[in-house]
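A.B. asks: Got my_file35.txt for you, compact mmCIF, C-alpha atoms:
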```txt
# COMPACT_ATOMS: atom_id res chain seq x y z
CA MET W 217 12.09 22.12 6.20
CA ASN W 218 8.36 22.12 5.55
CA ALA W 219 6.08 19.11 5.98
CA LEU W 220 6.26 18.11 2.31
CA SER W 221 10.07 18.17 2.27
CA ASP W 222 10.21 16.05 5.44
CA LEU W 223 7.93 13.44 3.88
CA GLN W 224 9.50 13.48 0.43
CA ILE W 225 13.00 12.65 1.67
CA HIS W 226 11.81 9.20 2.76
CA ILE W 227 9.37 8.69 -0.11
CA GLU W 228 12.25 9.20 -2.55
CA GLN W 229 14.05 6.24 -0.99
CA ILE W 230 11.00 4.04 -1.58
CA ARG W 231 10.66 5.38 -5.14
CA LYS W 232 14.27 4.42 -5.97
CA LYS W 233 13.80 0.88 -4.73
CA LEU W 234 10.37 0.49 -6.32
CA TRP W 235 11.48 1.68 -9.76
CA CYS W 236 14.88 -0.01 -9.97
CA GLY W 237 14.65 -0.91 -13.66
CA ARG W 238 13.55 -4.51 -13.20
CA GLU W 239 10.33 -6.41 -13.82
CA PHE W 240 9.40 -5.79 -10.20
CA GLY W 241 11.09 -3.51 -7.74
CA GLN W 242 13.05 -3.96 -4.54
CA ALA W 243 10.14 -2.86 -2.37
CA ALA W 244 7.45 -4.93 -0.67
CA VAL W 245 4.26 -3.77 1.00
CA MET W 246 2.27 -5.12 3.93
CA VAL W 247 -1.39 -4.10 3.95
CA GLY W 248 -3.39 -3.76 7.17
CA SER W 249 -7.05 -3.45 8.04
CA GLY W 250 -7.19 0.33 7.58
CA PHE W 251 -6.76 -0.09 3.83
CA CYS W 252 -10.09 -1.93 3.61
CA ARG W 253 -11.86 1.40 4.17
CA ASN W 254 -10.90 2.31 0.58
CA ALA W 255 -13.20 -0.34 -0.88
CA ALA W 256 -16.43 0.61 -2.68
CA ARG W 257 -19.81 -0.26 -1.18
CA LEU W 258 -22.27 -2.21 -3.31
CA PHE W 259 -25.23 -0.90 -1.29
CA PRO W 260 -25.70 2.42 0.58
CA ASN W 261 -26.61 0.70 3.87
CA THR W 262 -23.63 -1.67 3.86
CA PRO W 263 -21.80 -1.48 7.21
CA LYS W 264 -18.21 -0.28 7.30
CA PHE W 265 -15.30 -2.65 7.35
CA PRO W 266 -14.33 -3.15 11.01
CA LEU W 267 -10.92 -1.94 12.12
CA TRP W 268 -9.14 -3.72 14.98
CA ASN W 269 -10.80 -1.57 17.64
CA SER W 270 -14.23 -2.25 16.09
CA LEU W 271 -13.67 -5.99 16.13
CA ALA W 272 -12.40 -5.78 19.70
CA GLU W 273 -15.53 -3.91 20.74
CA ILE W 274 -17.78 -6.61 19.24
CA ILE W 275 -15.86 -9.29 21.15
CA TYR W 276 -15.91 -7.32 24.39
CA ARG W 277 -19.64 -6.65 24.13
CA GLU W 278 -20.40 -10.37 23.73
CA LEU W 279 -18.08 -11.37 26.56
CA TYR W 280 -19.38 -8.76 29.03
CA PRO W 281 -23.01 -7.89 28.15
CA ASP W 282 -23.93 -7.31 31.79
CA LEU W 283 -21.33 -4.55 32.27
CA SER W 284 -22.67 -2.19 29.60
CA ASN W 285 -24.62 -0.09 32.08
CA THR W 286 -21.96 0.07 34.78
CA LYS W 287 -20.16 3.28 35.70
CA ASN W 288 -16.66 2.28 34.58
CA TYR W 289 -17.72 0.35 31.47
CA ALA W 290 -16.20 2.78 28.96
CA ASN W 291 -12.87 3.05 30.76
CA GLU W 292 -12.60 -0.68 31.33
CA LYS W 293 -13.48 -1.41 27.70
CA LEU W 294 -10.86 1.02 26.42
CA LYS W 295 -8.21 -0.50 28.65
CA ARG W 296 -8.99 -4.05 27.55
CA MET W 297 -9.11 -3.15 23.85
CA SER W 298 -5.89 -1.13 23.61
CA GLY W 299 -2.88 -2.47 21.67
CA GLY W 300 -2.48 -6.21 22.16
CA GLY W 301 -5.52 -6.32 24.42
CA VAL W 302 -7.69 -7.41 21.52
CA LEU W 303 -5.60 -10.59 21.23
CA LYS W 304 -6.31 -11.41 24.88
CA LEU W 305 -10.01 -10.70 24.37
CA ALA W 306 -10.09 -12.96 21.31
CA TYR W 307 -8.39 -15.75 23.27
CA GLU W 308 -10.88 -15.29 26.09
CA TYR W 309 -13.71 -15.55 23.56
CA ASP W 310 -12.15 -18.69 22.07
CA ILE W 311 -11.91 -20.37 25.48
CA THR W 312 -15.44 -19.30 26.46
CA PHE W 313 -17.40 -20.06 23.27
CA GLY W 314 -15.08 -22.21 21.16
CA ARG W 315 -12.97 -21.61 18.05
CA MET W 316 -15.82 -22.15 15.63
CA ALA W 317 -17.81 -19.38 17.34
CA LEU W 318 -14.82 -17.02 17.08
CA ASP W 319 -14.36 -17.80 13.37
CA ASN W 320 -18.06 -17.22 12.75
CA LEU W 321 -17.86 -13.88 14.58
CA VAL W 322 -15.07 -12.80 12.20
CA ILE W 323 -17.05 -13.93 9.14
CA GLN W 324 -20.22 -12.15 10.29
CA SER W 325 -18.34 -8.95 11.21
CA ILE W 326 -16.59 -8.47 7.86
CA PRO W 327 -18.97 -7.53 5.01
CA ASP W 328 -16.54 -8.79 2.35
CA GLU W 329 -19.12 -9.74 -0.30
CA GLN W 330 -20.86 -6.38 0.02
CA TYR W 331 -17.79 -4.49 -1.21
CA VAL W 332 -15.73 -4.39 -4.38
CA PRO W 333 -12.13 -3.19 -4.67
CA GLY W 334 -11.82 0.59 -4.89
CA ASN W 335 -9.56 2.70 -7.08
CA LEU W 336 -6.86 2.74 -4.41
CA HIS W 337 -6.72 -1.06 -4.43
CA LYS W 338 -6.10 -0.91 -8.19
CA LEU W 339 -3.55 1.87 -7.79
CA LEU W 340 -1.72 -0.09 -5.10
CA LEU W 341 -1.36 -3.19 -7.28
CA SER W 342 -0.38 -1.10 -10.30
CA LEU W 343 2.94 -0.42 -8.59
CA PRO W 344 5.81 -2.90 -9.17
CA TRP W 345 5.96 -4.41 -5.67
CA SER W 346 8.09 -7.52 -5.33
CA ASP W 347 5.51 -8.91 -2.89
CA VAL W 348 2.24 -7.80 -1.34
CA PHE W 349 1.68 -9.21 2.15
CA THR W 350 -1.56 -8.72 4.02
CA THR W 351 -2.85 -9.59 7.46
CA ASN W 352 -6.44 -8.91 6.32
CA TYR W 353 -9.04 -11.67 6.06
CA ASP W 354 -11.06 -10.04 3.25
CA THR W 355 -10.62 -10.89 -0.44
CA LEU W 356 -10.33 -7.36 -1.84
CA LEU W 357 -6.70 -7.59 -2.96
CA GLU W 358 -7.10 -10.90 -4.76
CA ARG W 359 -10.24 -9.62 -6.49
CA THR W 360 -8.28 -6.56 -7.64
CA ARG W 361 -5.94 -8.72 -9.74
CA ILE W 362 -8.37 -8.95 -12.67
CA SER W 363 -8.11 -5.17 -13.09
CA ILE W 364 -4.30 -5.19 -13.35
CA HIS W 365 -3.33 -5.88 -16.96
CA ASP W 366 0.41 -5.18 -16.98
CA ARG W 367 1.37 -7.22 -13.93
CA LYS W 368 0.46 -10.76 -12.90
CA TYR W 369 0.25 -11.43 -9.16
CA ASP W 370 0.38 -15.04 -7.99
CA LEU W 371 -1.85 -15.71 -4.97
CA ILE W 372 -0.71 -17.53 -1.83
CA LEU W 373 -3.50 -18.41 0.59
CA THR W 374 -1.78 -21.17 2.59
CA ILE W 375 1.76 -22.42 3.06
CA LYS W 376 0.95 -25.26 0.65
CA ASP W 377 0.59 -22.65 -2.11
CA ILE W 378 4.19 -21.40 -1.78
CA PRO W 379 5.91 -23.91 -4.11
CA GLY W 380 5.53 -22.88 -7.73
CA ARG W 381 4.28 -19.36 -7.04
CA MET W 382 6.41 -16.63 -8.57
CA ARG W 383 6.91 -12.97 -7.75
CA PRO W 384 5.12 -10.70 -7.55
CA ARG W 385 2.88 -12.48 -5.06
CA ILE W 386 -0.08 -11.60 -2.87
CA VAL W 387 0.41 -13.45 0.41
CA LYS W 388 -2.45 -13.87 2.91
CA LEU W 389 -0.57 -14.25 6.19
CA HIS W 390 -3.48 -14.55 8.63
CA GLY W 391 -6.09 -16.58 6.79
CA SER W 392 -8.67 -15.61 4.22
CA LEU W 393 -12.43 -15.55 3.90
CA PRO W 394 -14.47 -17.61 3.64
CA SER W 395 -12.70 -20.83 4.58
CA HIS W 396 -8.90 -20.56 4.70
CA ARG W 397 -8.35 -20.87 8.43
CA PRO W 398 -7.32 -20.45 11.15
CA PHE W 399 -7.91 -16.72 11.24
CA ILE W 400 -4.90 -15.49 13.21
CA LEU W 401 -6.56 -13.51 15.96
CA THR W 402 -5.90 -14.76 19.49
CA GLU W 403 -2.89 -14.34 21.74
CA GLU W 404 -2.15 -18.05 21.35
CA ASP W 405 -2.36 -17.80 17.55
CA TYR W 406 0.38 -15.16 17.55
CA ARG W 407 2.51 -17.06 20.07
CA ASN W 408 2.43 -20.25 17.99
CA TYR W 409 2.65 -18.57 14.59
CA PRO W 410 6.46 -18.84 14.09
CA GLN W 411 6.29 -22.63 14.59
CA GLN W 412 3.00 -23.41 12.82
CA PHE W 413 3.58 -21.06 9.90
CA ALA W 414 7.37 -21.12 9.63
CA PRO W 415 7.34 -20.95 5.78
CA PHE W 416 5.45 -17.63 5.93
CA VAL W 417 7.85 -16.32 8.56
CA ASN W 418 10.83 -17.33 6.40
CA MET W 419 9.26 -15.67 3.37
CA ILE W 420 8.80 -12.40 5.26
CA GLN W 421 12.35 -12.57 6.59
CA GLN W 422 13.81 -13.06 3.12
CA SER W 423 11.67 -10.30 1.64
CA ILE W 424 12.68 -7.82 4.34
CA MET W 425 16.36 -8.60 3.79
CA GLU W 426 16.00 -8.08 0.03
CA ASN W 427 13.59 -5.14 -0.07
CA VAL W 428 12.42 -2.05 1.70
CA LEU W 429 9.12 -2.75 3.42
CA CYS W 430 6.18 -0.33 3.49
CA LEU W 431 3.36 -0.80 5.98
CA ILE W 432 0.02 0.68 4.87
CA GLY W 433 -3.27 0.53 6.75
CA PHE W 434 -1.70 0.05 10.20
CA SER W 435 -1.77 2.27 13.27
CA GLY W 436 1.08 2.49 15.75
CA ASP W 437 -0.74 0.27 18.26
CA ASP W 438 -2.19 -2.22 15.75
CA PRO W 439 -1.39 -5.70 17.15
CA ASN W 440 -0.35 -6.91 13.69
CA PHE W 441 2.06 -3.99 13.40
CA LEU W 442 3.45 -4.63 16.90
CA TYR W 443 3.82 -8.36 16.28
CA TRP W 444 5.52 -8.27 12.89
CA THR W 445 7.87 -5.37 13.58
CA GLY W 446 8.79 -6.92 16.92
CA TRP W 447 9.48 -10.24 15.25
CA VAL W 448 11.71 -8.56 12.67
CA ARG W 449 13.78 -6.87 15.39
CA ASP W 450 14.09 -10.08 17.38
CA ASN W 451 15.30 -12.09 14.40
CA LEU W 452 17.32 -9.63 12.33
CA GLY W 453 18.67 -7.44 15.13
CA SER W 454 21.16 -4.84 13.92
CA SER W 455 20.76 -6.12 10.36
CA THR W 456 17.15 -4.92 10.25
CA PRO W 457 16.71 -2.61 7.25
CA PRO W 458 14.43 0.43 7.53
CA ILE W 459 10.71 -0.27 7.64
CA TYR W 460 8.37 2.53 6.55
CA LEU W 461 5.06 3.02 8.38
CA CYS W 462 2.87 5.09 6.06
CA GLY W 463 -0.42 6.81 6.81
CA VAL W 464 -2.15 9.51 8.80
CA LEU W 465 -0.44 8.67 12.07
CA ASN W 466 -0.63 11.97 14.01
CA LEU W 467 2.42 11.07 16.07
CA SER W 468 3.82 13.07 18.94
CA SER W 469 7.57 13.76 18.93
CA SER W 470 8.11 11.09 21.60
CA GLN W 471 6.09 8.49 19.66
CA ARG W 472 8.14 9.27 16.57
CA LYS W 473 11.40 8.79 18.49
CA VAL W 474 10.23 5.43 19.83
CA LEU W 475 9.45 4.19 16.31
CA GLU W 476 12.73 5.48 14.93
CA SER W 477 14.64 3.74 17.73
CA LYS W 478 13.14 0.50 16.40
CA LYS W 479 14.29 1.28 12.84
CA ILE W 480 10.74 2.11 11.83
CA ILE W 481 10.58 5.30 9.79
CA PRO W 482 7.16 6.96 10.08
CA ILE W 483 5.86 8.71 6.98
CA ASP W 484 3.18 10.65 8.82
CA LEU W 485 0.82 11.99 6.18
CA GLY W 486 -1.05 13.82 8.93
CA LEU W 487 1.63 16.52 8.59
CA LEU W 488 0.32 17.29 5.09
CA PHE W 489 -3.33 16.28 5.49
CA THR W 490 -4.16 18.12 8.69
CA LYS W 491 -7.34 17.64 10.71
CA ASP W 492 -8.22 21.33 10.25
CA GLU W 493 -8.30 20.97 6.46
CA TRP W 494 -9.78 17.45 6.47
CA PRO W 495 -12.22 17.22 9.40
CA ASP W 496 -13.76 13.97 8.11
CA SER W 497 -11.17 11.37 9.21
CA GLU W 498 -12.27 8.77 6.66
CA ILE W 499 -11.82 11.19 3.75
CA GLN W 500 -8.57 12.44 5.31
CA HIS W 501 -7.10 8.93 5.38
CA LYS W 502 -8.31 8.09 1.88
CA LYS W 503 -6.93 11.26 0.30
CA ALA W 504 -3.63 10.86 2.14
CA ILE W 505 -3.11 7.30 0.89
CA GLU W 506 -4.07 8.35 -2.63
CA TRP W 507 -1.45 11.11 -2.51
CA PHE W 508 1.16 8.69 -1.21
CA LEU W 509 0.51 5.99 -3.84
CA LEU W 510 0.44 8.53 -6.68
CA ASN W 511 3.70 9.94 -5.33
CA LEU W 512 5.24 6.49 -5.68
CA LEU W 513 3.73 6.05 -9.15
CA TYR W 514 5.14 9.37 -10.37
CA GLY W 515 8.61 8.19 -9.36
CA ASN W 516 8.61 5.95 -12.43
CA PRO W 517 11.70 6.99 -14.43
CA PRO W 518 11.41 7.83 -18.13
CA SER W 519 11.14 4.83 -20.43
CA LYS W 520 12.88 4.90 -23.79
CA LEU W 521 10.15 2.65 -25.15
CA ARG W 522 7.93 5.75 -25.14
CA TRP W 523 10.49 7.89 -27.01
CA PRO W 524 10.28 10.78 -27.67
CA SER W 525 7.48 11.12 -25.04
CA LEU W 526 9.60 9.66 -22.27
CA ASN W 527 7.80 10.86 -19.18
CA VAL W 528 5.68 8.59 -17.02
CA SER W 529 2.10 8.12 -18.13
CA LYS W 530 -0.38 10.08 -16.04
CA ALA W 531 -3.21 7.60 -16.54
CA TRP W 532 -3.90 7.97 -12.82
CA LYS W 533 -5.10 11.50 -12.18
CA PRO W 534 -5.30 12.91 -8.64
CA SER W 535 -8.83 13.36 -7.35
CA LYS W 536 -10.19 16.74 -6.33
CA GLY W 537 -8.43 18.43 -3.43
CA ILE W 538 -5.22 16.38 -3.56
CA PRO W 539 -2.16 18.61 -2.92
CA SER W 540 0.47 18.80 -5.65
CA ILE W 541 2.61 15.70 -6.00
CA PRO W 542 6.39 15.99 -6.57
CA GLN W 543 7.22 14.70 -10.03
CA GLY W 544 9.82 12.04 -10.61
CA PRO W 545 12.65 12.02 -13.16
CA SER W 546 11.71 13.61 -16.47
CA ILE W 547 13.20 14.16 -19.89
CA LYS W 548 12.19 16.95 -22.21
CA TYR W 549 10.50 16.04 -25.45
CA LEU W 550 8.71 17.82 -28.26
CA GLU W 551 4.96 17.49 -27.79
CA GLU W 552 4.05 18.50 -31.35
CA LYS W 553 4.94 16.79 -34.62
CA ILE W 554 8.57 17.59 -35.38
CA HIS W 555 8.72 17.39 -39.17
CA PRO W 556 9.42 20.87 -40.67
CA SER W 557 6.53 20.56 -43.16
CA ASN W 558 4.14 20.90 -40.22
CA TRP W 559 5.42 24.35 -39.28
CA GLU W 560 3.17 27.17 -40.38
CA HIS W 561 5.15 30.11 -39.02
CA THR W 562 8.72 31.30 -38.59
CA LEU W 563 10.18 30.54 -35.17
CA GLU W 564 11.43 33.39 -33.02
CA GLU W 565 14.91 33.16 -31.55
CA LYS W 566 13.60 32.11 -28.11
CA GLU W 567 11.42 29.37 -29.62
CA LEU W 568 14.26 28.20 -31.85
CA LYS W 569 16.63 27.83 -28.88
CA LYS W 570 14.01 25.84 -26.99
CA LEU W 571 13.45 23.63 -30.02
CA LEU W 572 17.18 22.97 -30.45
CA GLU W 573 17.48 22.12 -26.76
CA THR W 574 14.61 19.65 -27.05
CA TRP W 575 16.00 18.10 -30.23
CA ASN W 576 19.39 17.68 -28.60
CA CYS W 577 17.82 15.99 -25.57
CA ASN W 578 15.72 13.72 -27.78
CA ARG W 579 18.73 12.79 -29.88
CA LEU W 580 20.85 11.89 -26.84
CA ASN W 581 18.05 9.67 -25.54
CA TYR W 582 17.26 7.94 -28.84
CA PRO W 583 16.91 4.18 -28.16
CA ASP W 584 19.20 3.31 -31.13
CA TRP W 585 16.38 1.81 -33.14
CA ILE W 586 17.31 1.15 -36.78
CA ILE W 587 13.63 1.61 -37.59
CA ALA W 588 11.37 3.22 -35.02
CA PRO W 589 8.15 1.35 -34.12
CA ASN W 590 5.14 2.22 -36.22
CA GLU W 591 3.33 3.78 -33.24
CA THR W 592 6.29 6.10 -32.64
CA ARG W 593 6.50 7.11 -36.30
CA GLU W 594 2.78 7.93 -36.38
CA ARG W 595 3.06 9.97 -33.20
CA MET W 596 5.91 11.98 -34.76
CA GLY W 597 4.07 12.48 -38.05
CA LEU W 598 6.62 10.54 -40.09
```
How would this structure read if it were set down as structure tokens?
C.D. replies:
Amino acid sequence: MNALSDLQIHIEQIRKKLWCGREFGQAAVMVGSGFCRNAARLFPNTPKFPLWNSLAEIIYRELYPDLSNTKNYANEKLKRMSGGGVLKLAYEYDITFGRMALDNLVIQSIPDEQYVPGNLHKLLLSLPWSDVFTTNYDTLLERTRISIHDRKYDLILTIKDIPGRMRPRIVKLHGSLPSHRPFILTEEDYRNYPQQFAPFVNMIQQSIMENVLCLIGFSGDDPNFLYWTGWVRDNLGSSTPPIYLCGVLNLSSSQRKVLESKKIIPIDLGLLFTKDEWPDSEIQHKKAIEWFLLNLLYGNPPSKLRWPSLNVSKAWKPSKGIPSIPQGPSIKYLEEKIHPSNWEHTLEEKELKKLLETWNCNRLNYPDWIIAPNETRERMGL
């Protein structure tokens, strides 16, 4: 199979759960720091959102300023920052300078107020997720809610917000700027999290048992990814449903096998968005996530409320350069007005057969209205 076929097999499973014919689907999403890079700058000189390795580098530089000119500085820094190393560095910073200093470092490093949600934030929340979890400290997702008119997301910032909030929900698992703390960042924070934030842990556990879970904006060695997927395996064991890790992952065959052994199914968009075709990694990641989210959107099955134009609305158009996106379920319909008085020429046999086929399909899918809605009658020229 080609790269697209390999990816689409798993995406179809998410599509089915997402568009299950209910108010919200049987799919949840967890959003990581990589997704912040899809936000829109307010000013040209605004610094980029820091990823985990960027934040780790800031912490390391402040902890070890005297080592910057030493011979092994780069190698030592890389070793200390890899995987869960950033959690140890953050704990070391906490012990050395105090928790308030660590919180201030996070606030100063994340240019939250200098960005607004981008189109991909709006596209993400346009999908019928049952829940949207995020380990990010920024406020981009909650600010996106005002742009979503057909879906109301309740916001949960702390465990005290849980009672009374209804699905779909946006849940800030690790704190939120500017003042909802602690920011979950140190090794000790993660160790104590299941006890101190048990309601969040229970919420995640229930959601994973009820839904498929997509992880977006995470890398394979992201400490948040390692922590949450590890926790799921420890607590659900053999009952763990598949978890989908989505993004430009560029996995080796051995890395893929390791993930799959943990019931994590990688949807590696790097197979379709190759480095040769997309040399700018930031654009590569952005285009890949756009393709993935549109792919999920186009899985929306036909709605009889739009009869006879039953196909999903294409209000979201792919940007330039996006590869073709497999379409979801579709039903034929007549695009022109169907009343005979509108015909100005005699139909040929081929056209007549096509028309009869379309009419038959439309008739079989008629919503059994006694009187069709006015908008539908106008669209049909009746």
A.B. asks: Excluding Pro458 in chain W and any residue of its chain fewer than 5 positions from it, enumerate the residues within 10 Å of it, using all atoms listed in the file, and give them as a list in words.
C.D. replies: Ile424, Met425, Asn427, Val428, Leu429, Cys430, Glu476, Lys478, Lys479, Ile480 and Ile481 of chain W
A.B. asks: So which residues touch Ser249 in chain W within 7 Å, counting only C-alpha atoms, skipping near sequence neighbours fewer than 6 positions away, as a list in words?
C.D. replies: Leu267, Asn352, Gly433 and Phe434 of chain W
A.B. asks: Using only C-alpha atoms, determine which residues lie at most 12 Å from Asn261 in chain W, disregarding the query and same-chain residues fewer than 4 positions distant; provide the list as number ranges by chain.
C.D. replies: W: 257, 327, 330-331
A.B. asks: Looking at W:Ile326, W:Leu510, W:Ile400, W:Leu485, which one is nearest to Cys462 in chain W, with distances taken over all atoms listed in the file?
C.D. replies: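 Among the listed residues, the smallest separation from Cys462 in chain W belongs to W:Leu485.
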A.B. asks: In terms of the shortest atom-to-atom distance over only C-alpha atoms, which of W:Glu426, W:Glu228, W:Asp328, W:Glu573 is closest to Ser392 in chain W?
C.D. replies: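 Smallest distance to Ser392 in chain W is found for W:Asp328.
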A.B. asks: What are the closest atom pairs, with distances in Å to one decimal, for all residues of range 353-444 of chain W lying within 8 Å of range 332-338 of chain W? Consider only C-alpha atoms, order rows by chain and residue number, and present the result as a tab-separated table.
C.D. replies:
```
residue	atom	partner	partner_atom	distance
W:Leu356	CA	W:Pro333	CA	5.4
W:Leu357	CA	W:His337	CA	6.7
W:Arg359	CA	W:Pro333	CA	6.9
W:Thr360	CA	W:Pro333	CA	5.9
W:Arg361	CA	W:Lys338	CA	8.0
W:Ser363	CA	W:Lys338	CA	6.8
W:Ile364	CA	W:Lys338	CA	6.9
```
A.B. asks: Which residue gives the smallest distance to Leu305 in chain W among W:Ala317, W:Leu271, W:Leu580, W:Leu393, with all atoms listed in the file counted?
C.D. replies: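 Checking each candidate against Leu305 in chain W, we get W:Leu271 as the closest.
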A.B. asks: Quote the spacing between CA of Leu487 in chain W and CA of Ala504 in chain W in Å to one decimal place.
C.D. replies: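 Calculated distance between CA of Leu487 in chain W and CA of Ala504 in chain W is 10.1 Å.
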A.B. asks: Have a look at W:His390, W:Lys368, W:Arg277, W:Arg231 and name the one nearest to Gly544 in chain W; count only C-alpha atoms.
C.D. replies: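 Residue with the minimum atom-to-atom distance to Gly544 in chain W: W:Arg231.
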A.B. asks: Using all atoms listed in the file for the distances, tell me which of W:Asp319, W:Glu358, W:Asp347, W:Glu308 is nearest to Val245 in chain W.
C.D. replies: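 Distance minimum relative to Val245 in chain W lands on W:Asp347.
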A.B. asks: Do you know which residues are at most 10 Å from Pro415 in chain W counting only C-alpha atoms, after dropping those on the same chain fewer than 6 positions away, and could you put them as a list in words?
C.D. replies: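 The residues satisfying every condition are Thr374, Ile375, Lys376, Ile378 and Gln421 of chain W.
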A.B. asks: Can you tell me, as an MDAnalysis selection string, what residues are no more than 7 Å from range 464-473 of chain W when counting all atoms listed in the file, ignoring any on the same chain fewer than 6 positions away?
C.D. replies: chainID W and resid 435 482 484:486 501 504
A.B. asks: Quick one: pull the distance between CA of Pro518 in chain W and CA of Gln543 in chain W, Å, one decimal.
C.D. replies: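 Atom-to-atom, CA of Pro518 in chain W and CA of Gln543 in chain W are spaced 11.4 Å apart.
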A.B. asks: Taking only C-alpha atoms into account, which of W:Leu512, W:Leu461, W:Leu571, W:Ala306 comes nearest Met246 in chain W?
C.D. replies: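 Residue with the minimum atom-to-atom distance to Met246 in chain W: W:Leu461.
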A.B. asks: Can you tell me how far CA of Asp282 in chain W sits from CA of Gly301 in chain W, in Å to one decimal?
C.D. replies: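 We find that CA of Asp282 in chain W and CA of Gly301 in chain W lie 19.9 Å from each other.
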A.B. asks: Extract range 264-282 of chain W from the preceding block and save N, CA and C atoms as a compact mmCIF listing (two decimals), in the first residue's frame.
C.D. replies:
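What follows is the written file result15.txt:
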```
# COMPACT_ATOMS: atom_id res chain seq x y z
N LYS W 264 8.58 33.02 18.84
CA LYS W 264 7.79 31.81 18.66
C LYS W 264 7.36 31.22 20.00
N PHE W 265 6.27 30.48 19.96
CA PHE W 265 5.88 29.73 21.13
C PHE W 265 6.97 28.68 21.41
N PRO W 266 7.40 28.56 22.67
CA PRO W 266 8.44 27.57 22.98
C PRO W 266 7.87 26.16 23.02
N LEU W 267 8.55 25.23 22.39
CA LEU W 267 8.24 23.82 22.54
C LEU W 267 8.96 23.32 23.80
N TRP W 268 8.78 22.05 24.14
CA TRP W 268 9.39 21.54 25.36
C TRP W 268 10.90 21.70 25.35
N ASN W 269 11.52 21.41 24.21
CA ASN W 269 12.99 21.51 24.17
C ASN W 269 13.45 22.96 24.32
N SER W 270 12.63 23.91 23.82
CA SER W 270 12.98 25.33 23.96
C SER W 270 12.91 25.77 25.42
N LEU W 271 11.85 25.33 26.09
CA LEU W 271 11.70 25.67 27.51
C LEU W 271 12.82 25.04 28.33
N ALA W 272 13.16 23.80 27.98
CA ALA W 272 14.25 23.11 28.68
C ALA W 272 15.57 23.85 28.51
N GLU W 273 15.79 24.38 27.31
CA GLU W 273 17.04 25.10 27.05
C GLU W 273 17.12 26.37 27.87
N ILE W 274 16.00 27.08 28.02
CA ILE W 274 15.97 28.30 28.84
C ILE W 274 16.33 27.96 30.28
N ILE W 275 15.73 26.88 30.79
CA ILE W 275 15.99 26.47 32.18
C ILE W 275 17.45 26.06 32.35
N TYR W 276 17.96 25.29 31.40
CA TYR W 276 19.34 24.81 31.49
C TYR W 276 20.32 25.98 31.46
N ARG W 277 20.04 26.96 30.60
CA ARG W 277 20.95 28.10 30.46
C ARG W 277 21.01 28.91 31.76
N GLU W 278 19.87 29.01 32.46
CA GLU W 278 19.87 29.78 33.72
C GLU W 278 20.49 28.99 34.86
N LEU W 279 20.39 27.68 34.80
CA LEU W 279 20.98 26.85 35.85
C LEU W 279 22.50 26.74 35.70
N TYR W 280 22.98 26.71 34.43
CA TYR W 280 24.40 26.47 34.18
C TYR W 280 24.98 27.53 33.24
N PRO W 281 24.96 28.81 33.65
CA PRO W 281 25.49 29.86 32.75
C PRO W 281 26.99 29.77 32.55
N ASP W 282 27.70 29.20 33.52
CA ASP W 282 29.16 29.15 33.43
C ASP W 282 29.67 28.04 32.51
```
